[in-house]
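*Asks:* One file is attached below, final.pdb, containing PDB, C-alpha atoms.
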ATOM      1  CA  MET G   1       0.000   0.000   0.000
ATOM      2  CA  PHE G   2       2.824   2.339   0.882
ATOM      3  CA  LEU G   3       4.576   1.582  -2.396
ATOM      4  CA  THR G   4       1.358   2.146  -4.331
ATOM      5  CA  SER G   5       0.957   5.546  -2.760
ATOM      6  CA  LEU G   6       4.541   6.506  -3.632
ATOM      7  CA  VAL G   7       4.100   5.343  -7.209
ATOM      8  CA  GLU G   8       0.841   7.303  -7.573
ATOM      9  CA  LYS G   9       2.491  10.462  -6.216
ATOM     10  CA  GLN G  10       5.419  10.009  -8.579
ATOM     11  CA  GLU G  11       3.033   9.417 -11.476
ATOM     12  CA  GLN G  12       0.988  12.514 -10.587
ATOM     13  CA  SER G  13       4.165  14.587 -10.406
ATOM     14  CA  ILE G  14       5.292  13.377 -13.838
ATOM     15  CA  LEU G  15       1.834  14.112 -15.327
ATOM     16  CA  GLU G  16       1.870  17.653 -13.877
ATOM     17  CA  THR G  17       5.346  18.249 -15.285
ATOM     18  CA  VAL G  18       4.206  17.050 -18.725
ATOM     19  CA  ASP G  19       1.072  19.276 -18.562
ATOM     20  CA  LYS G  20       3.156  22.328 -17.667
ATOM     21  CA  PHE G  21       5.624  21.594 -20.463
ATOM     22  CA  ILE G  22       2.839  21.192 -23.012
ATOM     23  CA  ASP G  23       1.100  24.375 -21.831
ATOM     24  CA  ARG G  24       4.319  26.318 -22.032
ATOM     25  CA  HIS G  25       5.693  25.013 -25.356
ATOM     26  CA  LEU G  26       2.880  23.481 -27.392
ATOM     27  CA  ALA G  27      -0.555  24.718 -26.325
ATOM     28  CA  HIS G  28      -0.327  28.010 -28.233
ATOM     29  CA  ARG G  29       0.171  26.069 -31.500
ATOM     30  CA  TRP G  30      -3.209  24.370 -31.443
ATOM     31  CA  GLN G  31      -6.266  26.165 -32.637
ATOM     32  CA  ARG G  32      -8.890  26.579 -29.964
ATOM     33  CA  ASP G  33     -12.452  26.463 -31.083
ATOM     34  CA  ALA G  34     -14.442  29.562 -30.110
ATOM     35  CA  LEU G  35     -17.692  27.654 -30.478
ATOM     36  CA  ASP G  36     -17.149  26.126 -27.051
ATOM     37  CA  GLN G  37     -17.703  29.558 -25.511
ATOM     38  CA  ALA G  38     -20.534  30.637 -27.819
ATOM     39  CA  PRO G  39     -23.444  29.526 -25.581
ATOM     40  CA  ALA G  40     -21.925  31.178 -22.527
ATOM     41  CA  LEU G  41     -21.178  34.359 -24.464
ATOM     42  CA  ALA G  42     -24.725  34.401 -25.818
ATOM     43  CA  LEU G  43     -26.096  34.148 -22.288
ATOM     44  CA  VAL G  44     -23.799  36.919 -21.088
ATOM     45  CA  GLN G  45     -24.830  39.112 -24.038
ATOM     46  CA  GLN G  46     -28.516  38.497 -23.357
ATOM     47  CA  GLY G  47     -28.044  39.309 -19.690
ATOM     48  CA  THR G  48     -26.103  42.439 -20.566
ATOM     49  CA  GLN G  49     -28.759  43.565 -23.042
ATOM     50  CA  ALA G  50     -31.487  42.990 -20.477
ATOM     51  CA  MET G  51     -29.522  44.940 -17.882
ATOM     52  CA  VAL G  52     -28.897  47.806 -20.317
ATOM     53  CA  ALA G  53     -32.595  47.941 -21.181
ATOM     54  CA  SER G  54     -33.511  47.913 -17.504
ATOM     55  CA  VAL G  55     -31.009  50.629 -16.624
ATOM     56  CA  GLN G  56     -32.168  52.695 -19.586
ATOM     57  CA  GLY G  57     -35.760  52.434 -18.369
ATOM     58  CA  VAL G  58     -34.732  53.505 -14.881
ATOM     59  CA  VAL G  59     -32.736  56.433 -16.269
ATOM     60  CA  GLU G  60     -35.671  57.564 -18.417
ATOM     61  CA  LYS G  61     -38.043  57.377 -15.433
ATOM     62  CA  GLN G  62     -35.575  59.311 -13.281
ATOM     63  CA  ALA G  63     -35.169  61.969 -15.973
ATOM     64  CA  GLU G  64     -38.954  62.314 -16.189
ATOM     65  CA  ILE G  65     -39.234  62.654 -12.404
ATOM     66  CA  TRP G  66     -36.475  65.286 -12.361
ATOM     67  CA  SER G  67     -38.128  67.129 -15.229
ATOM     68  CA  LYS G  68     -41.427  67.252 -13.353
ATOM     69  CA  ALA G  69     -39.704  68.228 -10.121
ATOM     70  CA  LEU G  70     -37.819  71.052 -11.816
ATOM     71  CA  ALA G  71     -40.880  72.196 -13.788
ATOM     72  CA  GLU G  72     -42.922  72.807 -10.624
ATOM     73  CA  PRO G  73     -40.681  75.566  -9.191
ATOM     74  CA  GLU G  74     -40.465  77.108 -12.643
ATOM     75  CA  ARG G  75     -44.262  77.106 -12.929
ATOM     76  CA  ARG G  76     -44.540  78.705  -9.503
ATOM     77  CA  ALA G  77     -41.945  81.340 -10.387
ATOM     78  CA  ILE G  78     -43.850  82.210 -13.560
ATOM     79  CA  ALA G  79     -47.096  82.520 -11.585
ATOM     80  CA  VAL G  80     -45.398  84.814  -9.044
ATOM     81  CA  GLN G  81     -43.903  86.912 -11.834
ATOM     82  CA  GLU G  82     -47.293  87.222 -13.513
ATOM     83  CA  ARG G  83     -48.883  88.378 -10.226
ATOM     84  CA  MET G  84     -46.085  90.876  -9.672
ATOM     85  CA  LEU G  85     -46.457  92.201 -13.223
ATOM     86  CA  HIS G  86     -50.212  92.535 -12.761
ATOM     87  CA  GLN G  87     -49.681  94.413  -9.476
ATOM     88  CA  LEU G  88     -47.080  96.641 -11.120
ATOM     89  CA  LEU G  89     -49.436  97.449 -13.975
ATOM     90  CA  GLN G  90     -52.249  98.247 -11.531
ATOM     91  CA  GLY G  91     -49.919 100.469  -9.518
ATOM     92  CA  LEU G  92     -48.769 102.286 -12.659
ATOM     93  CA  GLN G  93     -52.352 102.712 -13.805
ATOM     94  CA  GLN G  94     -53.368 104.196 -10.438
ATOM     95  CA  ALA G  95     -50.334 106.478 -10.431
ATOM     96  CA  MET G  96     -51.120 107.662 -13.962
ATOM     97  CA  GLU G  97     -54.761 108.279 -13.044
ATOM     98  CA  GLN G  98     -53.737 110.258  -9.956
ATOM     99  CA  THR G  99     -51.190 112.233 -11.970
ATOM    100  CA  LEU G 100     -53.776 112.945 -14.658
ATOM    101  CA  GLN G 101     -56.318 113.987 -12.041
ATOM    102  CA  THR G 102     -53.793 116.248 -10.306
ATOM    103  CA  HIS G 103     -52.787 117.725 -13.641
ATOM    104  CA  ALA G 104     -56.443 118.325 -14.561
ATOM    105  CA  GLN G 105     -57.042 120.033 -11.198
ATOM    106  CA  ARG G 106     -53.983 122.266 -11.638
ATOM    107  CA  LEU G 107     -54.997 123.064 -15.196
ATOM    108  CA  ALA G 108     -58.497 123.993 -14.030
ATOM    109  CA  ALA G 109     -57.010 126.139 -11.252
ATOM    110  CA  LEU G 110     -54.708 127.863 -13.727
ATOM    111  CA  GLU G 111     -57.621 128.465 -16.105
ATOM    112  CA  GLN G 112     -59.647 129.997 -13.274
ATOM    113  CA  HIS G 113     -56.687 132.105 -12.221
ATOM    114  CA  SER G 114     -56.161 133.255 -15.841
ATOM    115  CA  ALA G 115     -59.851 134.061 -16.194
ATOM    116  CA  ARG G 116     -59.767 136.165 -12.988
ATOM    117  CA  GLN G 117     -56.703 138.035 -14.141
ATOM    118  CA  ILE G 118     -58.335 138.774 -17.512
ATOM    119  CA  ARG G 119     -61.463 140.092 -15.747
ATOM    120  CA  ASN G 120     -59.489 142.338 -13.458
TER     121      ASN G 120
END
Transcribe the structure of this file into structure tokens.
*Replies:*
Amino acid sequence: MFLTSLVEKQEQSILETVDKFIDRHLAHRWQRDALDQAPALALVQQGTQAMVASVQGVVEKQAEIWSKALAEPERRAIAVQERMLHQLLQGLQQAMEQTLQTHAQRLAALEQHSARQIRN
């Protein structure tokens, strides 16, 4: 039994040495068939395509959410600007009306003053 074990170890050592020698000096000379890897590569490609599609869907959804989130403050800002413009226009209209009224009163006073001076 002991001798059998020694012989098997020696045999295994010789086989490993031969394998290393062949790998180092001869293996590169033989053509390796790429078809062996084709099914695995196809599975990897399918998985990759599915992942890309999934990530693309997530990115599109995220972009839509961001677009909506950014559109809301913009909509609010536009509404505030419209209110401010409306208030500004109302203020200008009131100021113009008051100025016109004041001008009309002064003009009437000047006309009365001129009429009195002409009479005197």
*Asks:* What are the centre and the three edge lengths of an axis-aligned box that wraps all atoms of range 95-103 of chain G in the file, given that 8 Å is added to every side, written as AutoDock Vina command-line options and rounded to one decimal in Å?
*Replies:*
--center_x -53.3 --center_y 112.1 --center_z -12.3 --size_x 22.0 --size_y 27.2 --size_z 20.7
*Asks:* By how many Å are CA of Met96 in chain G and CA of Ser114 in chain G apart?
*Replies:*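 It comes out at 26.2 Å.
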*Asks:* Report, in Å with one decimal, the straight-line distance from CA of Leu6 in chain G to CA of Ile22 in chain G.
*Replies:*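 Interatomic distance, CA of Leu6 in chain G to CA of Ile22 in chain G: 24.4 Å.
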*Asks:* CA of Leu100 in chain G and CA of Ala115 in chain G, how far apart in Å?
*Replies:*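 Calculated distance between CA of Ala115 in chain G and CA of Leu100 in chain G is 22.0 Å.
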